[in-house]
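Colleague: You'll find structure32.cif just under this line, and it carries mmCIF, C-alpha atoms and all ligand atoms.
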```cif
data_protein
#
loop_
_atom_site.label_atom_id
_atom_site.label_comp_id
_atom_site.auth_asym_id
_atom_site.auth_seq_id
_atom_site.Cartn_x
_atom_site.Cartn_y
_atom_site.Cartn_z
CA MET F 19 342.92 12.08 91.57
CA ALA F 20 344.81 9.03 92.76
CA GLY F 21 344.36 5.44 91.68
CA LEU F 22 344.70 4.33 88.09
CA ILE F 23 346.75 5.88 85.35
CA ALA F 24 346.94 5.30 81.61
CA GLU F 25 349.38 6.98 79.27
CA ALA F 26 349.85 7.15 75.52
CA ARG F 27 351.22 9.38 72.80
CA ALA F 28 349.33 10.67 69.76
CA ARG F 29 351.49 11.50 66.74
CA ALA F 30 350.09 14.52 64.90
CA ARG F 31 351.30 17.02 62.34
CA GLN F 32 349.09 19.73 63.84
CA PRO F 33 348.82 18.77 67.50
CA GLU F 34 347.72 22.19 68.73
CA ALA F 35 344.75 22.35 66.33
CA LEU F 36 343.72 18.89 67.48
CA VAL F 37 343.89 19.82 71.16
CA LEU F 38 341.89 23.00 70.52
CA ARG F 39 339.18 21.02 68.72
CA PHE F 40 339.02 18.50 71.55
CA ARG F 41 338.84 21.23 74.20
CA GLU F 42 336.01 22.95 72.36
CA HIS F 43 334.10 19.71 71.96
CA MET F 44 334.46 18.73 75.61
CA ALA F 45 333.49 22.23 76.77
CA GLY F 46 330.32 21.75 74.72
CA HIS F 47 329.60 18.69 76.86
CA GLY F 48 329.88 20.87 79.97
CA LEU F 49 333.26 19.51 81.14
CA THR F 50 335.73 21.73 82.97
CA ILE F 51 338.78 22.66 80.86
CA LEU F 52 341.84 23.88 82.75
CA GLY F 53 345.23 25.25 81.72
CA PRO F 54 346.52 26.60 78.40
CA PRO F 55 346.13 24.48 75.24
CA ALA F 56 349.77 23.34 75.49
CA ASP F 57 349.10 21.89 78.93
CA THR F 58 345.44 20.99 78.99
CA ARG F 59 343.59 19.30 81.82
CA ILE F 60 340.00 18.16 81.47
CA ASP F 61 338.10 16.95 84.51
CA PHE F 62 335.35 14.39 83.99
CA PRO F 63 333.25 12.52 86.55
CA GLY F 64 335.69 10.18 88.31
CA GLY F 65 338.95 11.45 86.84
CA SER F 66 341.04 13.81 84.74
CA ALA F 67 342.65 13.76 81.32
CA PHE F 68 345.89 15.62 80.57
CA LEU F 69 347.00 16.58 77.05
CA THR F 70 350.50 18.02 76.79
CA LEU F 71 351.89 19.30 73.49
CA GLU F 72 355.18 17.77 72.44
CA PRO F 73 357.16 18.15 69.22
CA GLY F 74 355.20 16.16 66.63
CA GLY F 75 352.45 15.02 68.92
CA ILE F 76 350.49 15.05 72.18
CA ALA F 77 351.32 13.24 75.40
CA LEU F 78 348.10 11.78 76.81
CA ARG F 79 347.57 10.86 80.42
CA ILE F 80 344.43 9.80 82.24
CA GLU F 81 344.01 9.50 85.97
CA ALA F 82 340.87 7.86 87.33
CA ALA F 83 339.66 6.36 90.56
CA GLU F 84 337.99 3.27 89.04
CA PRO F 85 338.87 0.91 86.18
CA ASP F 86 335.59 1.61 84.38
CA ARG F 87 336.14 5.37 84.43
CA LEU F 88 339.70 4.86 83.19
CA ALA F 89 338.51 2.66 80.33
CA ASP F 90 335.67 5.08 79.44
CA ALA F 91 338.13 7.96 79.32
CA LYS F 92 340.66 6.03 77.22
CA SER F 93 338.00 5.18 74.70
CA THR F 94 336.53 8.72 74.66
CA LEU F 95 339.87 10.51 74.37
CA ALA F 96 341.35 8.27 71.68
CA GLY F 97 338.04 7.94 69.83
CA HIS F 98 337.54 11.70 69.59
CA LEU F 99 341.12 12.49 68.60
CA GLU F 100 340.96 9.83 65.89
CA ALA F 101 337.63 11.17 64.66
CA PHE F 102 338.88 14.78 64.63
CA ALA F 103 342.01 13.89 62.64
CA PRO F 104 340.93 11.18 60.17
CA GLU F 105 343.82 12.03 57.84
CA GLU F 106 346.44 11.38 60.58
CA GLN F 107 347.86 8.11 61.87
CA LEU F 108 347.83 8.97 65.56
CA GLY F 109 349.13 5.57 66.62
CA ILE F 110 347.69 5.75 70.13
CA VAL F 111 348.69 2.74 72.26
CA TRP F 112 347.73 2.94 75.91
CA ARG F 113 350.07 1.83 78.63
CA GLY F 114 348.22 1.24 81.87
CA LEU F 115 349.49 1.48 85.42
CA GLY F 116 347.27 0.36 88.26
CA GLU F 117 347.75 1.05 91.93
CA GLY F 118 349.66 -2.20 92.36
CA GLY F 119 351.90 -1.70 89.34
CA PRO F 120 351.57 -2.39 85.63
CA VAL F 121 348.34 -3.97 84.43
CA ALA F 122 347.92 -6.05 81.30
CA GLY F 123 347.38 -4.16 78.04
CA ASP F 124 343.85 -3.98 76.66
CA LEU F 125 344.73 -5.32 73.25
CA GLY F 126 342.48 -8.21 72.28
CA ARG F 127 340.22 -7.95 75.31
CA ARG F 128 336.50 -7.30 75.27
CA PRO F 129 335.46 -3.69 75.79
CA HIS F 130 334.97 -2.90 79.47
CA ASN F 131 331.41 -1.72 78.85
CA PHE F 132 330.35 -4.86 76.98
CA ARG F 133 328.41 -7.79 78.46
CA VAL F 134 327.16 -11.01 76.93
CA ALA F 135 323.51 -11.65 77.76
CA ARG F 136 320.99 -14.42 77.22
CA VAL F 137 317.27 -14.08 76.78
CA ALA F 138 315.39 -15.20 79.90
CA ARG F 139 311.81 -14.59 78.73
CA VAL F 140 309.72 -12.64 76.27
CA VAL F 141 306.30 -11.13 76.89
CA GLU F 142 303.98 -9.23 74.63
CA VAL F 143 303.31 -5.85 76.23
CA THR F 144 301.01 -4.78 73.39
CA PRO F 145 300.49 -6.25 69.91
CA ARG F 146 303.48 -4.23 68.61
CA MET F 147 305.75 -4.12 71.63
CA ARG F 148 307.72 -7.07 73.02
CA ARG F 149 309.50 -7.01 76.36
CA VAL F 150 312.64 -9.12 76.19
CA THR F 151 314.16 -9.85 79.60
CA VAL F 152 317.85 -10.76 79.46
CA THR F 153 320.22 -12.09 82.11
CA GLY F 154 323.98 -12.08 82.43
CA GLN F 155 326.96 -11.21 84.59
CA GLY F 156 328.26 -7.80 85.61
CA PHE F 157 325.07 -5.87 84.97
CA ASP F 158 325.73 -3.41 87.81
CA ARG F 159 327.21 -0.93 85.32
CA PHE F 160 323.74 -0.62 83.71
CA ASP F 161 322.16 0.65 86.93
CA ALA F 162 322.77 4.28 86.01
CA GLU F 163 321.00 7.50 85.19
CA MET F 164 322.11 6.91 81.60
CA MET F 165 319.59 4.47 80.21
CA HIS F 166 320.51 3.65 76.63
CA VAL F 167 322.54 0.70 75.39
CA LYS F 168 323.83 -0.63 72.10
CA LEU F 169 322.56 -4.12 71.51
CA LEU F 170 324.69 -6.42 69.38
CA LEU F 171 322.28 -8.67 67.56
CA PRO F 172 322.65 -11.46 65.04
CA GLU F 173 322.33 -9.92 61.57
CA GLU F 174 319.86 -12.59 60.55
CA GLY F 175 317.88 -12.35 63.78
CA THR F 176 317.50 -16.10 64.03
CA GLY F 177 317.02 -17.81 67.36
CA SER F 178 320.57 -18.33 68.52
CA GLY F 179 320.22 -20.39 71.70
CA THR F 180 321.74 -23.47 70.15
CA ALA F 181 324.17 -21.63 67.87
CA PRO F 182 327.71 -21.00 69.08
CA GLU F 183 328.41 -17.50 70.40
CA PRO F 184 329.61 -15.15 67.68
CA ARG F 185 332.91 -13.30 67.68
CA TRP F 186 332.33 -10.46 70.11
CA PRO F 187 334.14 -7.12 69.68
CA VAL F 188 337.66 -6.76 71.07
CA LEU F 189 339.57 -3.65 72.06
CA THR F 190 342.12 -2.05 69.80
CA ALA F 191 345.38 -0.71 71.25
CA SER F 192 343.81 2.75 71.45
CA GLY F 193 340.96 1.45 73.59
CA GLN F 194 338.29 1.42 70.87
CA PRO F 195 335.94 -1.51 70.34
CA ASP F 196 336.70 -3.23 67.04
CA PHE F 197 333.60 -4.68 65.38
CA SER F 198 335.23 -5.55 62.08
CA ASP F 199 335.35 -9.27 62.83
CA CYS F 200 331.83 -9.66 64.20
CA ALA F 201 328.85 -10.17 61.93
CA LEU F 202 326.55 -8.36 64.32
CA ALA F 203 324.07 -5.54 63.90
CA ARG F 204 324.29 -2.71 66.41
CA ARG F 205 321.03 -1.12 67.46
CA THR F 206 320.25 1.42 70.19
CA TYR F 207 317.62 0.60 72.81
CA THR F 208 316.53 1.87 76.20
CA LEU F 209 316.79 -0.22 79.33
CA ARG F 210 313.19 -0.19 80.49
CA ARG F 211 314.09 -1.86 83.81
CA VAL F 212 317.32 -2.80 85.54
CA ASP F 213 317.00 -5.44 88.29
CA LEU F 214 320.39 -6.02 89.88
CA ALA F 215 319.05 -8.47 92.47
CA ARG F 216 318.02 -10.85 89.68
CA SER F 217 320.72 -9.67 87.28
CA GLU F 218 318.07 -8.86 84.68
CA LEU F 219 317.47 -6.14 82.11
CA ASP F 220 314.15 -5.48 80.38
CA ILE F 221 314.19 -4.07 76.86
CA ASP F 222 310.92 -3.08 75.17
CA PHE F 223 311.20 -3.56 71.41
CA VAL F 224 308.79 -1.94 68.98
CA THR F 225 308.13 -4.60 66.34
CA HIS F 226 307.81 -3.18 62.85
CA GLY F 227 308.24 -6.27 60.72
CA ASP F 228 310.67 -9.10 60.13
CA GLY F 229 313.06 -7.24 57.82
CA SER F 230 315.43 -5.55 60.27
CA PRO F 231 317.73 -6.92 62.98
CA GLY F 232 316.18 -5.20 65.99
CA SER F 233 312.55 -5.87 65.25
CA ARG F 234 313.27 -9.38 63.96
CA PHE F 235 315.25 -10.28 67.07
CA ALA F 236 312.31 -9.32 69.26
CA LEU F 237 309.84 -11.24 67.14
CA ARG F 238 311.92 -14.42 67.20
CA ALA F 239 313.64 -14.24 70.61
CA ARG F 240 313.51 -17.43 72.67
CA PRO F 241 314.92 -18.16 76.13
CA GLY F 242 318.62 -18.97 75.80
CA ASP F 243 319.26 -16.76 72.74
CA TRP F 244 322.37 -14.63 73.11
CA LEU F 245 322.98 -10.97 72.43
CA GLY F 246 325.61 -8.41 73.38
CA VAL F 247 324.87 -5.32 75.45
CA ALA F 248 327.23 -2.31 75.48
CA GLY F 249 326.82 0.85 77.49
CA PRO F 250 325.09 2.54 79.13
CA GLY F 251 325.25 5.95 77.52
CA GLY F 252 323.41 9.22 77.10
CA GLY F 253 319.85 9.86 77.74
CA ASN F 254 319.13 11.60 80.98
CA ILE F 255 316.05 13.76 80.64
CA PRO F 256 316.29 17.46 81.60
CA LEU F 257 313.60 18.34 84.11
CA GLN F 258 313.16 21.97 85.03
CA GLY F 259 309.83 23.24 86.26
CA TRP F 260 306.77 22.34 84.18
CA THR F 261 307.84 19.47 81.91
CA LEU F 262 306.61 18.18 78.56
CA LEU F 263 307.51 14.58 77.70
CA ALA F 264 306.63 13.66 74.14
CA GLY F 265 307.46 10.81 71.82
CA ASP F 266 306.42 7.91 69.68
CA GLU F 267 306.47 4.26 70.75
CA THR F 268 310.28 4.04 70.53
CA ALA F 269 310.44 6.72 73.25
CA LEU F 270 307.89 4.97 75.44
CA PRO F 271 310.47 3.02 77.49
CA ALA F 272 312.44 6.20 78.20
CA ILE F 273 309.30 8.17 79.05
CA ALA F 274 308.06 5.37 81.33
CA ARG F 275 311.37 5.33 83.20
CA ALA F 276 311.43 9.11 83.49
CA LEU F 277 307.88 9.15 84.88
CA GLU F 278 308.72 6.48 87.46
CA ALA F 279 311.72 8.52 88.62
CA MET F 280 309.86 11.84 88.88
CA PRO F 281 308.93 13.36 92.22
CA ALA F 282 305.26 12.89 93.15
CA GLY F 283 304.68 16.65 92.84
CA ALA F 284 306.00 16.92 89.26
CA ARG F 285 303.84 18.94 86.89
CA GLY F 286 303.58 18.89 83.13
CA GLN F 287 302.17 16.85 80.30
CA VAL F 288 302.94 13.57 78.51
CA LEU F 289 302.09 13.01 74.82
CA ILE F 290 302.70 9.59 73.28
CA GLU F 291 301.95 8.71 69.66
CA VAL F 292 301.28 5.02 68.99
CA ALA F 293 300.00 3.00 66.02
CA ASP F 294 296.48 2.57 67.42
CA ALA F 295 294.51 2.35 70.65
CA ALA F 296 295.66 -1.24 71.29
CA GLU F 297 299.20 0.10 71.82
CA ARG F 298 298.29 2.04 74.97
CA GLN F 299 299.82 0.54 78.08
CA PRO F 300 299.47 1.29 81.79
CA LEU F 301 302.07 3.83 82.93
CA ALA F 302 302.81 4.91 86.49
CA HIS F 303 302.95 8.70 86.55
CA PRO F 304 302.71 11.59 89.00
CA PRO F 305 299.12 12.93 89.14
CA GLY F 306 300.33 16.30 87.82
CA MET F 307 301.74 14.63 84.67
CA PRO F 308 298.65 13.40 82.77
CA VAL F 309 299.33 11.04 79.87
CA THR F 310 297.61 11.56 76.49
CA TRP F 311 297.78 8.76 73.93
CA LEU F 312 297.77 9.78 70.28
CA PRO F 313 296.76 6.85 68.05
CA ARG F 314 297.99 7.30 64.46
CA ASP F 315 295.22 5.14 63.04
CA GLY F 316 296.93 5.22 59.67
CA ALA F 317 298.19 8.83 59.75
CA ALA F 318 301.86 9.48 58.92
CA HIS F 319 304.45 8.93 61.65
CA GLY F 320 304.86 12.06 63.76
CA GLU F 321 301.88 13.97 62.34
CA ARG F 322 299.67 13.58 65.43
CA LEU F 323 302.59 14.12 67.80
CA LEU F 324 303.69 17.34 66.16
CA ALA F 325 300.13 18.71 66.11
CA ALA F 326 299.60 17.84 69.78
CA VAL F 327 302.91 19.38 70.86
CA ARG F 328 302.11 22.56 68.93
CA ALA F 329 298.79 22.79 70.78
CA VAL F 330 300.32 22.51 74.28
CA ASP F 331 299.35 25.24 76.70
CA TRP F 332 302.66 26.32 78.28
CA PRO F 333 302.98 28.10 81.61
CA ALA F 334 303.72 31.82 81.59
CA GLY F 335 307.42 32.69 81.68
CA ARG F 336 308.44 29.54 79.82
CA ASP F 337 311.38 31.44 78.29
CA GLN F 338 312.84 32.05 81.76
CA PRO F 339 315.39 29.47 82.96
CA GLY F 340 313.91 26.94 85.37
CA THR F 341 310.26 27.56 84.46
CA ALA F 342 309.67 24.87 81.87
CA SER F 343 311.41 22.08 79.97
CA ALA F 344 310.67 19.69 77.14
CA TRP F 345 312.03 16.31 76.10
CA ALA F 346 310.99 14.47 72.98
CA ALA F 347 312.14 11.47 70.97
CA CYS F 348 310.65 10.07 67.76
CA GLU F 349 311.36 9.74 64.04
CA ALA F 350 314.19 12.07 63.00
CA ALA F 351 312.24 14.49 60.77
CA THR F 352 309.60 15.03 63.46
CA ALA F 353 312.34 15.47 66.05
CA ARG F 354 313.88 18.22 63.93
CA ALA F 355 310.51 19.99 63.66
CA LEU F 356 310.02 19.68 67.43
CA ARG F 357 313.47 21.12 68.12
CA GLU F 358 312.63 24.15 66.00
CA HIS F 359 309.30 24.49 67.75
CA PHE F 360 310.82 24.34 71.26
CA GLY F 361 313.71 26.68 70.46
CA GLN F 362 312.52 29.12 67.82
CA ALA F 363 308.72 29.19 68.13
CA LEU F 364 308.48 28.84 71.92
CA GLY F 365 311.81 30.35 72.92
CA LEU F 366 312.58 27.76 75.58
CA PRO F 367 316.07 28.45 76.95
CA ARG F 368 318.95 26.38 75.55
CA GLY F 369 319.47 23.37 77.75
CA ALA F 370 315.79 23.31 78.74
CA PHE F 371 314.74 21.21 75.76
CA ARG F 372 315.90 18.23 73.78
CA ALA F 373 314.33 16.43 70.81
CA ALA F 374 316.13 13.30 69.69
CA GLY F 375 315.72 11.38 66.44
CA TYR F 376 315.41 7.77 67.58
CA TRP F 377 315.04 6.33 64.07
CA ARG F 378 314.97 7.56 60.48
CA GLN F 379 312.22 6.74 58.05
CA GLY F 380 313.61 4.56 55.26
CA LEU F 381 317.09 4.21 56.77
CA ALA F 382 318.57 1.48 58.93
CA GLU F 383 320.33 2.64 62.10
CA GLY F 384 323.90 3.64 61.28
CA ALA F 385 323.22 3.91 57.53
CA ALA F 386 324.41 7.09 55.81
CA GLU F 387 321.71 9.38 54.44
CA SER F 388 322.35 8.07 50.95
CA GLY F 389 322.47 4.45 52.14
CA ALA F 390 319.81 1.82 51.72
CA ALA F 391 317.46 0.78 54.51
C1 LIG F 401 318.72 6.55 72.33
C2 LIG F 401 317.73 5.63 71.63
C3 LIG F 401 316.90 4.80 72.37
C4 LIG F 401 315.99 3.95 71.74
N1 LIG F 401 315.19 3.14 72.48
C5 LIG F 401 314.34 2.27 71.86
C6 LIG F 401 313.54 1.36 72.61
O1 LIG F 401 313.64 1.26 73.85
N2 LIG F 401 312.68 0.57 71.93
C7 LIG F 401 312.59 0.60 70.55
O2 LIG F 401 311.80 -0.17 69.98
N3 LIG F 401 313.33 1.44 69.83
C8 LIG F 401 314.22 2.28 70.45
N4 LIG F 401 314.99 3.11 69.70
C9 LIG F 401 314.79 3.13 68.24
C10 LIG F 401 315.52 1.99 67.55
O3 LIG F 401 316.91 2.07 67.78
C11 LIG F 401 315.26 2.09 66.03
O4 LIG F 401 313.89 1.97 65.77
C12 LIG F 401 316.06 1.09 65.23
O5 LIG F 401 316.10 1.55 63.90
C13 LIG F 401 315.45 -0.30 65.25
O6 LIG F 401 316.32 -1.17 64.57
P1 LIG F 401 315.80 -2.21 63.47
O7 LIG F 401 316.96 -3.13 63.24
O8 LIG F 401 314.50 -2.78 63.87
O9 LIG F 401 315.56 -1.33 62.19
P2 LIG F 401 316.66 -0.71 61.20
O10 LIG F 401 317.46 -1.81 60.56
O11 LIG F 401 317.44 0.33 61.92
O12 LIG F 401 315.75 0.00 60.11
C14 LIG F 401 315.13 -0.75 59.06
C15 LIG F 401 313.94 0.02 58.55
O13 LIG F 401 312.94 0.07 59.56
C16 LIG F 401 312.51 1.41 59.77
N5 LIG F 401 312.23 1.56 61.21
C17 LIG F 401 313.12 1.59 62.24
N6 LIG F 401 312.48 1.75 63.41
C18 LIG F 401 311.16 1.82 63.12
C19 LIG F 401 310.00 1.97 63.91
N7 LIG F 401 310.04 2.07 65.26
N8 LIG F 401 308.80 2.00 63.29
C20 LIG F 401 308.72 1.89 61.93
N9 LIG F 401 309.79 1.74 61.12
C21 LIG F 401 311.00 1.70 61.72
C22 LIG F 401 313.67 2.28 59.29
O14 LIG F 401 313.20 3.52 58.85
C23 LIG F 401 314.24 1.45 58.16
O15 LIG F 401 313.55 1.73 56.97
C24 LIG F 401 315.91 3.95 70.32
C25 LIG F 401 316.77 4.76 69.58
C26 LIG F 401 317.66 5.60 70.22
C27 LIG F 401 318.60 6.46 69.40
#
```
Take the structure in the file and write it out as structure tokens.
Ligand SMILES: Cc1cc2nc3c(=O)[nH]c(=O)nc-3n(C[C@H](O)[C@H](O)[C@H](O)COP(=O)(O)OP(=O)(O)OC[C@H]3O[C@@H](n4cnc5c(N)ncnc54)[C@H](O)[C@@H]3O)c2cc1C

Modeller:
Amino acid sequence: MAGLIAEARARARQPEALVLRFREHMAGHGLTILGPPADTRIDFPGGSAFLTLEPGGIALRIEAAEPDRLADAKSTLAGHLEAFAPEEQLGIVWRGLGEGGPVAGDLGRRPHNFRVARVARVVEVTPRMRRVTVTGQGFDRFDAEMMHVKLLLPEEGTGSGTAPEPRWPVLTASGQPDFSDCALARRTYTLRRVDLARSELDIDFVTHGDGSPGSRFALRARPGDWLGVAGPGGGNIPLQGWTLLAGDETALPAIARALEAMPAGARGQVLIEVADAAERQPLAHPPGMPVTWLPRDGAAHGERLLAAVRAVDWPAGRDQPGTASAWAACEAATARALREHFGQALGLPRGAFRAAGYWRQGLAEGAAESGAA
């Protein structure tokens, strides 16, 4: 892998244990691990990372074809090592070499995956869903199979068009974004639409009151308001054979994008729980993927969804790889119940199903279980 190179050293009292943990974690993500632990190579899309044991530490080297891949890998490698050894002071400081020679250090620069955006317009999709269209520069990185982003929003959610831009995150020496100086809330959303020709992103916000940064931002957004967008990450939907897509309104943008991307001959079922019948919206979908709306009409979150998923009529041989798959996203407790249903009750093969908790009842995003909402 030619092109760009970054190097650093991680000081560690138990470097071998740290490398083993990192190898195991990356293998779990399906990456190829090569060589013995003392001389590890991990290939990732667009590059390779090398971890070589040294007395008292690990020599780190990343080779990548593109600057974005290099920056992603620096952040991933350093971020994981730091997370796996919280008691250590690894002291990772990247030195970067580009094709044409040394490139400037990252310290103090904005993260490579971060873009400043401004609200262009806001439309009401349904009474409880607002589509906020944002514009900005360098949005091509968002045109990816991965469809989730972290939005950086004003804590108070006030219209910010006339306010000065906040302090945006900067990179630490180890390539991590440092948010400590920015009074911004971070919330995860799906890019409902990416339009590179117009340099626009659509984000569909569920509005659930004025008391939280995400919902409040959507309720108050005006053209010209700023926000930060970081990503994209995660979120491709496994499709194998007959496919169930299920979720609540927070999953609607992801389900809508998945349906638009599906081949015309796709077969399966779509179950979407919403507050009430007014929350239904037109969705383009293959004819073999009928959409069923499940209005809560006052029932508890997830109750209707769980019941409907449990009543699904699956094709024969669903426990055989390639026959069937399921993807779901909703409130965390329901997601846990769905995961158990897909895996234990139905016996879908590992890798053929996913059920993600998109929000947690009573807890703000990022709050610890014992934390306040
Ligand atoms: C990968 C991913 C993709 C997502 N995509 C979208 C998306 O495209 N659109 C979208 O609207 N959401 C999406 N979500 C969910 C969204 O991140 C959460 O709902 C988030 O908590 C909203 O932030 P907030 O500031 O409004 O509320 P928070 O400050 O996080 O929470 C405050 C309170 O509101 C409650 N709460 C949070 N969300 C809801 C809700 N939907 N309904 C009722 N109560 C709620 C919490 O339980 C808490 O008590 C996604 C989440 C993930 C992980």

Colleague: Which residues come within 9 Å of segment 370-387 of chain F, counting only C-alpha atoms, excluding same-chain residues fewer than 5 positions away, as a PyMOL selection string?

Modeller: chain F and resi 204-206+230+255-258+264-265+268-269+319+339-340+342-357+360-361

Colleague: Looking at only C-alpha atoms and all ligand atoms, which of F:Leu301, F:Leu69, F:Ala30, F:Ala274 is the one that sits closest to ligand LIG 401 (chain F)?

Modeller: F:Ala274

Colleague: So, with all atoms listed in the file as the atoms that count, which of F:Pro85, F:Pro182, F:Pro63, F:Pro304 lies closest to Gly242 of chain F?

Modeller: F:Pro182

Colleague: Name the closest residue to ligand LIG 401 (chain F) among the candidates F:Leu324, F:Ala363, F:Ile76, F:Ile221; distances are taken between atoms, counting only C-alpha atoms and all ligand atoms.

Modeller: F:Ile221

Colleague: Which residue, F:Pro104, F:Gly21, F:Gly252, F:Gly97, has the smallest gap to ligand LIG 401 (chain F) when you use only C-alpha atoms and all ligand atoms?

Modeller: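 For ligand LIG 401 (chain F), the nearest of the candidates is F:Gly252.
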
Colleague: Counting only C-alpha atoms, figure out which residue out of F:Ala317, F:Val292, F:Leu270, F:Ala24 gets nearest to Pro145 of chain F.

Modeller: F:Val292

Colleague: Return as lines of an AutoDock Vina configuration file the box centre and box size in Å, one decimal, for an axis-aligned box around all listed atoms of ligand LIG 401 (chain F) padded by 4 Å per side.

Modeller:
```
center_x = 313.7
center_y = 1.7
center_z = 65.4
size_x = 18.0
size_y = 17.7
size_z = 24.9
```

Colleague: Would you please work out which residue, of F:Ile60, F:Ala284, F:Leu219, F:Leu78, is nearest to Asp158 of chain F when using all atoms listed in the file?

Modeller: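 Among F:Ile60, F:Ala284, F:Leu219, F:Leu78, it is F:Leu219 that comes nearest to Asp158 of chain F.
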
Colleague: What separation in Å, quoted to one decimal, exists between atom CA of Pro54 of chain F and atom CA of Ser66 of chain F?

Modeller: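 Between atom CA of Pro54 of chain F and atom CA of Ser66 of chain F the gap works out to 15.3 Å.
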
Colleague: Hey, can you check how far atom CA of Ala302 of chain F sits from atom CA of Ala282 of chain F?

Modeller: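 Going from atom CA of Ala302 of chain F over to atom CA of Ala282 of chain F covers 10.7 Å.
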
Colleague: Please return segment 257-268 of chain F, rebuilt to N, CA and C atoms, as a PDB file, in the frame of the given file.

Modeller:
```
ATOM      1  N   LEU F 257     314.870  18.001  83.478  1.00  0.00           N
ATOM      2  CA  LEU F 257     313.600  18.340  84.110  1.00  0.00           C
ATOM      3  C   LEU F 257     313.768  19.662  84.848  1.00  0.00           C
ATOM      4  N   GLN F 258     313.113  20.665  84.358  1.00  0.00           N
ATOM      5  CA  GLN F 258     313.160  21.970  85.030  1.00  0.00           C
ATOM      6  C   GLN F 258     311.753  22.525  85.016  1.00  0.00           C
ATOM      7  N   GLY F 259     311.174  22.661  86.183  1.00  0.00           N
ATOM      8  CA  GLY F 259     309.830  23.240  86.260  1.00  0.00           C
ATOM      9  C   GLY F 259     308.796  22.366  85.560  1.00  0.00           C
ATOM     10  N   TRP F 260     307.837  23.025  84.907  1.00  0.00           N
ATOM     11  CA  TRP F 260     306.770  22.340  84.180  1.00  0.00           C
ATOM     12  C   TRP F 260     307.403  21.587  83.005  1.00  0.00           C
ATOM     13  N   THR F 261     307.092  20.292  82.868  1.00  0.00           N
ATOM     14  CA  THR F 261     307.840  19.470  81.910  1.00  0.00           C
ATOM     15  C   THR F 261     306.926  18.789  80.883  1.00  0.00           C
ATOM     16  N   LEU F 262     307.284  18.936  79.617  1.00  0.00           N
ATOM     17  CA  LEU F 262     306.610  18.180  78.560  1.00  0.00           C
ATOM     18  C   LEU F 262     307.473  16.976  78.188  1.00  0.00           C
ATOM     19  N   LEU F 263     306.868  15.780  78.231  1.00  0.00           N
ATOM     20  CA  LEU F 263     307.510  14.580  77.700  1.00  0.00           C
ATOM     21  C   LEU F 263     306.712  14.145  76.488  1.00  0.00           C
ATOM     22  N   ALA F 264     307.377  13.988  75.362  1.00  0.00           N
ATOM     23  CA  ALA F 264     306.630  13.660  74.140  1.00  0.00           C
ATOM     24  C   ALA F 264     307.430  12.658  73.315  1.00  0.00           C
ATOM     25  N   GLY F 265     306.716  11.754  72.661  1.00  0.00           N
ATOM     26  CA  GLY F 265     307.460  10.810  71.820  1.00  0.00           C
ATOM     27  C   GLY F 265     306.549   9.823  71.149  1.00  0.00           C
ATOM     28  N   ASP F 266     307.164   9.016  70.269  1.00  0.00           N
ATOM     29  CA  ASP F 266     306.420   7.910  69.680  1.00  0.00           C
ATOM     30  C   ASP F 266     306.726   6.645  70.488  1.00  0.00           C
ATOM     31  N   GLU F 267     306.338   5.483  69.969  1.00  0.00           N
ATOM     32  CA  GLU F 267     306.470   4.260  70.750  1.00  0.00           C
ATOM     33  C   GLU F 267     307.911   3.903  71.067  1.00  0.00           C
ATOM     34  N   THR F 268     308.878   4.356  70.234  1.00  0.00           N
ATOM     35  CA  THR F 268     310.280   4.040  70.530  1.00  0.00           C
ATOM     36  C   THR F 268     310.754   4.811  71.774  1.00  0.00           C
TER      37      THR F 268
END
```
